[in-house]
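Engineer: Below are the structure tokens for one structure; questions will follow.
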Amino acid sequence: MRDRVLIVDDVEINRIILREILRDEYDIMEAGDGIQAIEVLFSHAQAPNAVLLDIMMPGMDGFEVLEVMQSDAVIRKIPVLFITAADADTNESRGISAGAVDYISKPFNPEVVKARLRSHIQLMKYSTQLEELVEIKTAEMTKTYERTLETLATIIEYRNLESGTHIRRTSELVKILVNHIIQKPQYKELLESGTCNLISKAVALHDIGKIGIRDSVLLKPGKLTAEEFEEVKQHSRIGGEIIETIARGLTDDAAYLKICYEICRSHHERWDGKGYPDGLKGEEIPLPARMTSIVDVYDALVNLRCYKPQLSHEEAVQIIVEGKGTQFDPGLVDCFLEVDQQFKALEEELGDE
């Protein structure tokens, strides 16, 4: 498929001359004024690969067309070459400053027109390919460190004598809760597009800070001493610090790492402000952490642990209800009760053996 060039000029003879110069190499699109040019750019099925844009036009001049083009993330990438009079130095300078890549003087020199146009189209294609390559490599890196973190989290779960399916269960449970609350007016604005997937991935790392807790404390059966419990509580702080360290070296997935940090640091905060490590209260606690708190407690209650027996779904639900407004966000508890049977079904499918 040949490249496409949009010629924008209110003087028909100029469009005819440029069309004749370029017709052997390009598919030509035309606009007789600025408004028509905008219509072509924003409504045509195939965008041009370059625009030859006259500056002096009635109604909407070339600078105004360029300003509209600059407002769109996709259209602004199309190289614009201004058509100027030979002595229009001021216009040329202003055009380059406004975002044009080059200018073509009247009267037209066919070889200069073709050479400059060809150069900028090739440069635009190279830039686009480079951007795509960077996106691919960034996605690969993001996937790699996500997998690495998830693997580390799984190792920690096994070290804690818990089934590795705890990570999968908490991820799936929080996904159920997020997909439900996103329909609620009070939460919808807080959950931007894509946040559900980020939270479900990030929740897998909620206990990553346990890597810094001694085995003799982490694996102790039965009740911990006050000193031991204080040590266990440090896993929230440690987890947040681990994510902060990662974030300092990776800036391409800030939204994901922000949610990871919020969950790792704050999933043991309480609605009444009596949690740890920061004593946050109510909506001071990040929403992803408040959801993780319910999910983590529920999953721990209905599965066997070295320090506690396994409870039934009904018993776990009752404990969460009793914590409404004290340990847990009351609104989220209400949402949990609306999907608790989905929680039960998932636990029956994926629960510890």
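Please note that chains go A, B, ... in the order of the structure tokens, that every chain numbers its residues from 1, and that ligands are numbered from 1 in the order shown.
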Give me the residues near A:Ser312 as a list in words, where near means some atom within 9 Å (using only C-alpha atoms) and where sequence neighbours in that chain fewer than 6 positions away do not count.
Structural biologist: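 These residues fall inside the cut-off: Leu301, Val302 and Asn303 of chain A.
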Engineer: Where does DSSP see alpha helix (DSSP H) in stretch 164-287 of chain A, if you list the residues as a VMD selection string?
Structural biologist: chain A and resid 165 to 181 185 to 188 195 to 202 215 to 218 226 to 249 254 to 266 287
Engineer: Quick one: residues within 9 Å of A:Ile199, only C-alpha atoms counted, chain neighbours fewer than 4 positions away excluded, as a PyMOL selection string?
Structural biologist: chain A and resi 171+174-175+178+194-195+203-204+256+259-260+263+288+292
Engineer: Choose the residue, out of A:Asp72, A:Asp299, A:Glu262, A:Glu338, that has the smallest atom-to-atom separation from A:Phe42; count only C-alpha atoms.
Structural biologist: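 Using only C-alpha atoms, the shortest distance to A:Phe42 belongs to A:Asp72.
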Engineer: Calculated over only C-alpha atoms, which of the candidates A:Asp27, A:Asp215, A:Asp272, A:Asp207 has the smallest distance to A:Ile167?
Structural biologist: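 Once distances to A:Ile167 are computed over only C-alpha atoms, the minimum belongs to A:Asp207.
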Engineer: Run DSSP on the backbone and grab whatever in stretch 147-335 of chain A lands in strand (DSSP E or B); send it over as number ranges by chain.
Structural biologist: A: 305, 308, 324, 328
Engineer: Could you write out that same residue set with N, CA and C atoms as a PDB file, in the first residue's frame?
Structural biologist:
ATOM      1  N   ARG A 305      -4.560 -23.514  59.097  1.00  0.00           N
ATOM      2  CA  ARG A 305      -3.251 -22.906  59.292  1.00  0.00           C
ATOM      3  C   ARG A 305      -2.580 -23.556  60.497  1.00  0.00           C
ATOM      4  N   LYS A 308      -4.164 -22.177  63.641  1.00  0.00           N
ATOM      5  CA  LYS A 308      -5.610 -22.109  63.830  1.00  0.00           C
ATOM      6  C   LYS A 308      -6.321 -23.228  63.082  1.00  0.00           C
ATOM      7  N   LYS A 324     -17.465  -5.424  61.028  1.00  0.00           N
ATOM      8  CA  LYS A 324     -17.981  -4.315  60.217  1.00  0.00           C
ATOM      9  C   LYS A 324     -17.933  -3.016  61.008  1.00  0.00           C
ATOM     10  N   PHE A 328     -13.230  -3.686  59.533  1.00  0.00           N
ATOM     11  CA  PHE A 328     -13.437  -3.605  58.093  1.00  0.00           C
ATOM     12  C   PHE A 328     -14.304  -2.417  57.683  1.00  0.00           C
TER      13      PHE A 328
END
